[in-house]
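Visitor: Please find one structure pasted underneath; my questions will follow.
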Amino acid sequence: MFRVRPIFLIAGTTINGVLRGVVLNVLLVLAALMIIGATSTSSLEPGAVRTTIVDAGLAIIAILGAMIAILTGFTMIPSEVDQRTVYPVLSKPVQRWQFVLGKFFGAIGINGITVGMLSVLFFLVYFLKVHSFDWKLLFGVVMIFAQLVILSGLIVFFSTFMSWIGTIIVSMIIWFLGNSSQFLADMAEHGTKSEISSAITKVVQKLIPNFQAMDLRYAIVQLKVSTPGELFDAALVPLGVGVLYLIIALALAVLIFNYREL
Amino acid sequence: MGATATEQAVSPPVTASVVEIRNLSKTYRLMMGKEIHAVSDLSLTIEKGETFAIVGPNGSGKTTTMKILLGLLFPTSGEVSLFGKPAGDPSSQARVGYLPEAPYFYEFLNGRELLHLYGKLCDVPEDVLAQRTEALLKMVDLHERGADLPIRAYSRGMRQRIGIAQAMINEPELLILDEPTNGLDPIGTVQVRQFILEQKRQGRTMLLCSHLLSEVEAVADRVAILHRGQLIAAGPVSELVPESQVWQLVATELSREAIGALKDAGLAPDIHGDVVIIRAHSLDETYAALGQVRDQGGQLVEITRPQPTLEEQFLKAVGEEDLRRTVDTLKKSTGKKKK
Ligand SMILES: Nc1ncnc2c1ncn2[C@@H]1O[C@H](COP(=O)(O)OP(=O)(O)OP(=O)(O)O)[C@@H](O)[C@H]1O
Ligand SMILES: [Mg+2]
């Protein structure tokens, strides 16, 4: 019996719960204020205005989006297990993999709401200040969304076997290191004299999804790339690797959750 | 998909038993190698249409057994099946309703939204679901106060009520109720008992558990008594509780002739001076005795059902078990000493 409906019912309920809660709403308001604040202070030359807006806007969406993904994601599975709200759900004709995927799709929905709402605000601000629209911005926010989806997959995975506090800490570390991938690579190359620490840094850098490569702020701001094809090429490999990570994380999450005593 | 589920419901497979538990054991492993034997070598079958009750004190393994049946926990050894399928199989799950112990639900949904969600998870068609939801809300007395109130604002008893309603959302063939009257007021307790009897009339198979023995006595066809995870007695209520049909009538102002008439009717009255006590061993006898008392101009003082006979039975069984264990361990330890 292969049913997808339970997945979307669980996803919908998850999104509903987050929307009716405090965390998402507070962080969304905070992010909106930050975008408006960061972009309206600039009394710079016309060229610098655009750079600042793009840089700050995308950074705020990425950072607050990650915060929302982590702070709404870490409780998704653990709280259902601890509060035993899974019992009535899993005693219906719902299989555990459907529950896990439902939670993941719920997280995707929340990431979509976050990125969607903040992007609309961001584009509006950009249009008011620069009096034009840049398609590359759209590409930028889509890549942020992709980054958040991968992050959410990892959060779902960790939360199937870790405590909630462990999940928060690990996912924050991964997000931070993933966004410092270049720095880690440099460290491994030149940073240390010891072979071992260099090797460890390299392994960590390779193991953690390269979120930095999915961050197109630099590419957009510096105008180094001008065609969609070039932007796409820049994003393709990290995106593909990210999707691979996602699939592995979800498969493991389903496997672990299948054998968990509830 | 929905169609196949209904077809299965209409013509269940030929396997006789709805629930089968074979040599089930469950050991919880805690940190530092500590083990808790929650269920030990339990075997039970529940037939179609039967109301089966597991009775036992706190920590005797009732909830553990039910959670294993629903695939929420896994057996350490032994097997369980529902409708001939292993626990957790979605096609059998579709035919089950489960009320967890002290249930918790999504706090942000209101009663109606909650029932809709669970109904959709069971593939109940939209139009049927709308009607059924309202009927169930009414049945559990939540239609006025609870339907539009978020679960967050529910009292303990209201949660229990919505729990019973959600267990019924797919009109299951098998109802598994973990302490159904837990947290309910006296009226609620009576309502649940009536609910169970009604489901029984409709031919639903039921597995319930309780530590209140008086509660299941009136509704269960068979009872299993569980103590520290071990089955210590099982059988029809009438066997376990031979006295359960006894009603006791107390009457006064009965003439000698009247007492004679009672004796003639085979009612064996106990005479304590002015007071006559009649023990009736069936409902028919009870009515007969009542009729006699009325017809002979007697005054009925009280009519009671000397209750906790299963309780006594239970304590006796548990007591014997404890005694046997103590004797066993004593024997073992003295045996060791001798060696
Ligand atoms: N998650 C758990 N981890 C460890 N031990 C557990 C767990 N759940 C139950 N137990 C133990 O298993 C035994 C049986 O517990 P269970 O909840 O099945 O009893 P019960 O008969 O339902 O009791 P009650 O009447 O209090 O509900 C108890 O000794 C309990 O301590
Ligand atoms: Mg219990």
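Order determines the names: the first chain of the structure tokens is A, the second B, and so forth; residues in each chain are numbered 1 upward, and ligands are numbered 1 upward as they are shown.
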Distance limit 8 Å, atoms considered: only C-alpha atoms. Which chain A residues sit that close to chain B? Return them as a ChimeraX atom specification.

Guide: /A:1,5-6,9,17,20,83-85,87-95,260-262

Visitor: Limited to N, CA and C atoms, could you put the picked residues into a file as a CSV table (one decimal), in the first residue's frame?

Guide:
```csv
chain,number,residue,atom,x,y,z
A,1,MET,N,0.8,-1.2,0.0
A,1,MET,CA,0.0,0.0,0.0
A,1,MET,C,0.9,1.2,0.0
A,5,ARG,N,-0.8,10.4,0.2
A,5,ARG,CA,-1.6,11.4,0.9
A,5,ARG,C,-1.2,11.6,2.3
A,6,PRO,N,-0.9,10.5,3.1
A,6,PRO,CA,-0.5,10.8,4.5
A,6,PRO,C,0.7,11.7,4.6
A,9,LEU,N,-0.7,15.2,4.3
A,9,LEU,CA,-1.5,15.6,5.4
A,9,LEU,C,-0.6,15.9,6.6
A,17,GLY,N,0.9,23.9,12.3
A,17,GLY,CA,1.3,24.1,13.7
A,17,GLY,C,2.4,25.2,13.8
A,20,ARG,N,0.8,28.6,13.3
A,20,ARG,CA,0.0,29.0,14.5
A,20,ARG,C,0.9,29.2,15.7
A,83,GLN,N,5.9,14.0,23.3
A,83,GLN,CA,4.5,14.3,23.7
A,83,GLN,C,3.5,13.3,23.3
A,84,ARG,N,4.0,12.3,22.7
A,84,ARG,CA,3.2,11.1,22.3
A,84,ARG,C,2.1,11.4,21.3
A,85,THR,N,2.3,12.6,20.6
A,85,THR,CA,1.3,12.9,19.5
A,85,THR,C,1.5,11.9,18.3
A,87,TYR,N,1.5,8.7,18.5
A,87,TYR,CA,0.7,7.5,18.7
A,87,TYR,C,-0.6,7.5,17.9
A,88,PRO,N,-1.5,8.5,18.1
A,88,PRO,CA,-2.7,8.4,17.3
A,88,PRO,C,-2.4,8.4,15.8
A,89,VAL,N,-1.3,9.1,15.4
A,89,VAL,CA,-1.0,9.2,13.9
A,89,VAL,C,-0.5,7.8,13.4
A,90,LEU,N,0.4,7.2,14.1
A,90,LEU,CA,1.0,6.0,13.6
A,90,LEU,C,0.1,4.8,13.8
A,91,SER,N,-1.0,5.0,14.6
A,91,SER,CA,-1.9,3.9,14.8
A,91,SER,C,-3.0,3.9,13.7
A,92,LYS,N,-3.0,5.0,12.9
A,92,LYS,CA,-3.8,5.0,11.7
A,92,LYS,C,-3.0,4.4,10.6
A,93,PRO,N,-3.6,4.1,9.4
A,93,PRO,CA,-2.8,3.5,8.4
A,93,PRO,C,-1.7,4.4,7.8
A,94,VAL,N,-0.8,4.8,8.6
A,94,VAL,CA,0.3,5.7,8.3
A,94,VAL,C,1.6,4.9,8.6
A,95,GLN,N,2.5,4.8,7.7
A,95,GLN,CA,3.7,4.1,7.9
A,95,GLN,C,4.8,5.1,8.4
A,260,ARG,N,12.9,2.6,15.6
A,260,ARG,CA,12.8,3.3,16.9
A,260,ARG,C,11.6,2.8,17.7
A,261,GLU,N,11.8,2.6,19.0
A,261,GLU,CA,10.7,2.3,19.9
A,261,GLU,C,10.1,3.6,20.3
A,262,LEU,N,8.8,3.7,20.2
A,262,LEU,CA,8.1,4.9,20.5
A,262,LEU,C,7.3,4.9,21.8
```

Visitor: Got a sec: who's within 9 Å of Lys129 in chain A, counting only C-alpha atoms, leaving out chain neighbours fewer than 6 positions off, as a PDB file with C-alpha atoms, in the first residue's frame?

Guide:
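The resulting file, out.pdb, is shown below:
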```pdb
ATOM      1  CA  THR A  39      18.593  48.725   2.994  1.00  0.00           C
ATOM      2  CA  SER A  40      17.156  52.089   3.994  1.00  0.00           C
ATOM      3  CA  VAL A  49      23.323  51.219  -3.024  1.00  0.00           C
ATOM      4  CA  ARG A  50      22.708  48.266  -5.260  1.00  0.00           C
ATOM      5  CA  ILE A  53      21.027  46.029  -0.846  1.00  0.00           C
TER       6      ILE A  53
END
```

Visitor: With only C-alpha atoms as the counted atoms, please give the residues lying no more than 9 Å from Arg96 in chain A, apart from itself and same-chain residues fewer than 5 positions off, as a PDB file with N, CA and C atoms, in the first residue's frame.

Guide:
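As written to disk, part-v6.pdb reads:
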```
ATOM      1  N   LEU A  90       0.439   7.244  14.083  1.00  0.00           N
ATOM      2  CA  LEU A  90       1.005   5.992  13.572  1.00  0.00           C
ATOM      3  C   LEU A  90       0.086   4.793  13.813  1.00  0.00           C
ATOM      4  N   LEU A 101       8.865  11.511   5.998  1.00  0.00           N
ATOM      5  CA  LEU A 101       8.823  12.344   4.795  1.00  0.00           C
ATOM      6  C   LEU A 101       7.820  13.480   4.952  1.00  0.00           C
ATOM      7  N   VAL A 254      14.719   7.595   7.653  1.00  0.00           N
ATOM      8  CA  VAL A 254      13.615   6.631   7.565  1.00  0.00           C
ATOM      9  C   VAL A 254      14.032   5.312   8.203  1.00  0.00           C
ATOM     10  N   PHE A 257      14.269   5.732  12.022  1.00  0.00           N
ATOM     11  CA  PHE A 257      12.958   5.931  12.642  1.00  0.00           C
ATOM     12  C   PHE A 257      12.124   4.650  12.591  1.00  0.00           C
ATOM     13  N   ASN A 258      12.338   3.858  11.555  1.00  0.00           N
ATOM     14  CA  ASN A 258      11.627   2.589  11.419  1.00  0.00           C
ATOM     15  C   ASN A 258      11.890   1.651  12.574  1.00  0.00           C
TER      16      ASN A 258
END
```

Visitor: May I ask which of the residues B:Arg279, B:Gly203, B:His143, B:Thr252 is the closest one to Arg294 in chain B, counting only C-alpha atoms?

Guide: B:Thr252

Visitor: Apply DSSP to the structure's backbone, then extract all residues of range 52-268 of chain B labelled strand (DSSP E) and return them as a PyMOL selection string.

Guide: chain B and resi 52-55+77-82+85-86+96-99+174-178+205-210+222-227+230-236+247-252

Visitor: Counting only C-alpha atoms and all ligand atoms, which protein, DNA or RNA residues come within 12 Å of ligand 2, given as a ChimeraX atom specification?

Guide: /B:38,54-67,99-103,177-180,182,208-212,226,229

Visitor: Could you find all residues in range 146-180 of chain A that DSSP calls helix (DSSP H, G or I) from the backbone, and write them as a VMD selection string?

Guide: chain A and resid 146 to 159 164 to 178

Visitor: What's the separation between CA of Leu231 in chain B and CA of Leu24 in chain B, in Å to one decimal place?

Guide: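 Here the two named atoms are 10.9 Å from each other.
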
Visitor: Could you name the residues that touch Lys138 in chain B at 12 Å or less, counting only C-alpha atoms, but leaving out those on the same chain fewer than 2 positions away, as a ChimeraX atom specification?

Guide: /B:111-112,131-136,140-147,161-162,164-165

Visitor: Include all heavy atoms and write out the residues we just selected as a short mmCIF file (atom, residue, chain, number, x, y, z; two decimals), in the first residue's frame.

Guide:
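What ended up in selection_39.cif:
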```
data_model
loop_
_atom_site.label_atom_id
_atom_site.label_comp_id
_atom_site.auth_asym_id
_atom_site.auth_seq_id
_atom_site.Cartn_x
_atom_site.Cartn_y
_atom_site.Cartn_z
N GLY B 111 -11.01 20.50 18.12
CA GLY B 111 -11.55 19.14 18.10
C GLY B 111 -11.98 18.69 16.71
O GLY B 111 -11.67 17.58 16.28
N ARG B 112 -12.64 19.59 16.01
CA ARG B 112 -13.15 19.23 14.69
C ARG B 112 -12.00 19.03 13.69
O ARG B 112 -11.97 18.04 12.96
CB ARG B 112 -14.09 20.33 14.19
CG ARG B 112 -14.80 19.98 12.89
CD ARG B 112 -15.79 21.04 12.48
NE ARG B 112 -17.01 21.01 13.27
CZ ARG B 112 -17.44 21.98 14.07
NH1 ARG B 112 -16.70 23.08 14.21
NH2 ARG B 112 -18.55 21.88 14.74
N GLN B 131 -19.97 14.36 8.21
CA GLN B 131 -21.09 13.87 9.03
C GLN B 131 -20.59 13.13 10.26
O GLN B 131 -21.05 13.34 11.38
CB GLN B 131 -21.94 12.89 8.22
CG GLN B 131 -22.91 13.58 7.30
CD GLN B 131 -23.72 12.55 6.51
OE1 GLN B 131 -23.54 11.35 6.67
NE2 GLN B 131 -24.59 13.03 5.65
N ARG B 132 -19.63 12.23 10.01
CA ARG B 132 -19.17 11.37 11.09
C ARG B 132 -18.52 12.19 12.20
O ARG B 132 -18.68 11.91 13.38
CB ARG B 132 -18.18 10.34 10.53
CG ARG B 132 -17.96 9.17 11.45
CD ARG B 132 -17.04 8.16 10.85
NE ARG B 132 -17.65 7.37 9.80
CZ ARG B 132 -16.97 6.56 8.99
NH1 ARG B 132 -15.65 6.47 9.11
NH2 ARG B 132 -17.58 5.87 8.06
N THR B 133 -17.76 13.21 11.78
CA THR B 133 -17.10 14.07 12.76
C THR B 133 -18.12 14.69 13.70
O THR B 133 -17.97 14.65 14.93
CB THR B 133 -16.31 15.18 12.04
OG1 THR B 133 -15.32 14.58 11.22
CG2 THR B 133 -15.65 16.11 13.03
N GLU B 134 -19.19 15.24 13.13
CA GLU B 134 -20.20 15.89 13.97
C GLU B 134 -20.86 14.86 14.88
O GLU B 134 -21.10 15.12 16.06
CB GLU B 134 -21.25 16.59 13.10
CG GLU B 134 -20.68 17.72 12.23
CD GLU B 134 -19.78 18.69 12.98
OE1 GLU B 134 -20.16 19.14 14.07
OE2 GLU B 134 -18.67 18.98 12.48
N ALA B 135 -21.16 13.68 14.33
CA ALA B 135 -21.81 12.64 15.14
C ALA B 135 -20.91 12.22 16.30
O ALA B 135 -21.37 12.06 17.43
CB ALA B 135 -22.15 11.44 14.26
N LEU B 136 -19.61 12.09 16.01
CA LEU B 136 -18.70 11.65 17.07
C LEU B 136 -18.51 12.74 18.13
O LEU B 136 -18.46 12.46 19.32
CB LEU B 136 -17.34 11.26 16.47
CG LEU B 136 -17.33 9.93 15.73
CD1 LEU B 136 -16.00 9.72 15.01
CD2 LEU B 136 -17.57 8.77 16.69
N VAL B 140 -19.35 12.17 22.17
CA VAL B 140 -18.47 12.35 23.32
C VAL B 140 -18.74 13.69 24.02
O VAL B 140 -17.94 14.13 24.85
CB VAL B 140 -16.98 12.24 22.93
CG1 VAL B 140 -16.67 10.83 22.44
CG2 VAL B 140 -16.61 13.27 21.88
N ASP B 141 -19.86 14.31 23.68
CA ASP B 141 -20.29 15.52 24.37
C ASP B 141 -19.34 16.70 24.18
O ASP B 141 -19.17 17.52 25.07
CB ASP B 141 -20.39 15.25 25.89
CG ASP B 141 -21.84 15.06 26.30
OD1 ASP B 141 -22.71 15.25 25.43
OD2 ASP B 141 -22.08 14.72 27.46
N LEU B 142 -18.72 16.77 23.03
CA LEU B 142 -17.81 17.89 22.79
C LEU B 142 -18.36 18.83 21.72
O LEU B 142 -17.70 19.78 21.33
CB LEU B 142 -16.42 17.39 22.36
CG LEU B 142 -15.56 16.74 23.43
CD1 LEU B 142 -14.28 16.19 22.82
CD2 LEU B 142 -15.22 17.72 24.54
N HIS B 143 -19.57 18.55 21.24
CA HIS B 143 -20.06 19.33 20.11
C HIS B 143 -20.32 20.78 20.45
O HIS B 143 -20.26 21.65 19.60
CB HIS B 143 -21.31 18.68 19.49
CG HIS B 143 -22.43 18.51 20.47
ND1 HIS B 143 -22.31 17.72 21.59
CD2 HIS B 143 -23.68 19.00 20.48
CE1 HIS B 143 -23.46 17.74 22.27
NE2 HIS B 143 -24.30 18.52 21.61
N GLU B 144 -20.61 21.05 21.73
CA GLU B 144 -20.90 22.45 22.08
C GLU B 144 -19.64 23.19 22.52
O GLU B 144 -19.37 24.29 22.05
CB GLU B 144 -21.94 22.50 23.20
CG GLU B 144 -23.36 22.46 22.64
CD GLU B 144 -24.38 22.09 23.70
OE1 GLU B 144 -24.05 22.15 24.90
OE2 GLU B 144 -25.51 21.74 23.31
N ARG B 145 -18.87 22.56 23.41
CA ARG B 145 -17.73 23.28 23.96
C ARG B 145 -16.41 22.96 23.26
O ARG B 145 -15.53 23.79 23.20
CB ARG B 145 -17.58 22.98 25.45
CG ARG B 145 -18.64 23.64 26.30
CD ARG B 145 -18.28 23.46 27.75
NE ARG B 145 -18.08 22.05 28.04
CZ ARG B 145 -17.20 21.59 28.92
NH1 ARG B 145 -16.42 22.42 29.56
NH2 ARG B 145 -17.08 20.29 29.14
N GLY B 146 -16.28 21.75 22.76
CA GLY B 146 -14.97 21.31 22.32
C GLY B 146 -14.65 21.48 20.85
O GLY B 146 -13.50 21.63 20.47
N ALA B 147 -15.69 21.49 20.01
CA ALA B 147 -15.46 21.40 18.57
C ALA B 147 -14.58 22.53 18.05
O ALA B 147 -13.70 22.30 17.22
CB ALA B 147 -16.79 21.39 17.83
N ARG B 161 -12.05 12.29 25.96
CA ARG B 161 -13.24 12.18 25.12
C ARG B 161 -12.89 12.30 23.64
O ARG B 161 -13.35 11.51 22.81
CB ARG B 161 -14.27 13.26 25.48
CG ARG B 161 -15.00 12.96 26.78
CD ARG B 161 -15.66 14.23 27.32
NE ARG B 161 -16.12 14.03 28.69
CZ ARG B 161 -17.36 13.67 29.00
NH1 ARG B 161 -18.25 13.48 28.05
NH2 ARG B 161 -17.70 13.49 30.25
N ILE B 162 -12.07 13.29 23.30
CA ILE B 162 -11.70 13.43 21.89
C ILE B 162 -10.89 12.21 21.46
O ILE B 162 -10.93 11.79 20.30
CB ILE B 162 -10.96 14.76 21.62
CG1 ILE B 162 -11.03 15.13 20.13
CG2 ILE B 162 -9.51 14.70 22.02
CD1 ILE B 162 -12.33 15.68 19.68
N ILE B 164 -11.42 9.15 22.44
CA ILE B 164 -12.37 8.09 22.10
C ILE B 164 -12.99 8.36 20.72
O ILE B 164 -13.12 7.46 19.89
CB ILE B 164 -13.46 7.97 23.19
CG1 ILE B 164 -12.81 7.45 24.48
CG2 ILE B 164 -14.59 7.06 22.75
CD1 ILE B 164 -13.71 7.46 25.68
N ALA B 165 -13.30 9.63 20.47
CA ALA B 165 -13.88 9.98 19.17
C ALA B 165 -12.91 9.66 18.03
O ALA B 165 -13.30 9.09 17.01
CB ALA B 165 -14.26 11.46 19.15
#
```

Visitor: Enter the distance from CA of Trp175 in chain A to CA of Ile196 in chain A, in Å, rounded to one decimal.

Guide: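 The value is 23.9 Å.
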
Visitor: Excluding same-chain residues fewer than 3 positions from Ile144 in chain A, what lies within 7 Å of it counting only C-alpha atoms, as a PyMOL selection string?

Guide: chain A and resi 62+140-141+147-148+215

Visitor: Expressed in Å to a single decimal, how great is the separation between CA of Thr14 in chain A and CA of Val170 in chain A?

Guide: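 Straight-line distance from CA of Thr14 in chain A to CA of Val170 in chain A works out to 22.2 Å.
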
Visitor: Which residue is closest to Val250 in chain B? Choose from B:Met139, B:Val301, B:Ala289, B:Ile176 and count only C-alpha atoms.

Guide: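 When distances to Val250 in chain B are compared using only C-alpha atoms, the smallest one comes from B:Val301.
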
Visitor: Choose the residue, out of A:Leu138, A:Ile36, A:Val81, A:Ile247, that has the smallest atom-to-atom separation from ligand 1; count only C-alpha atoms and all ligand atoms.

Guide: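 Ranking A:Leu138, A:Ile36, A:Val81, A:Ile247 by distance to ligand 1, first place goes to A:Val81.
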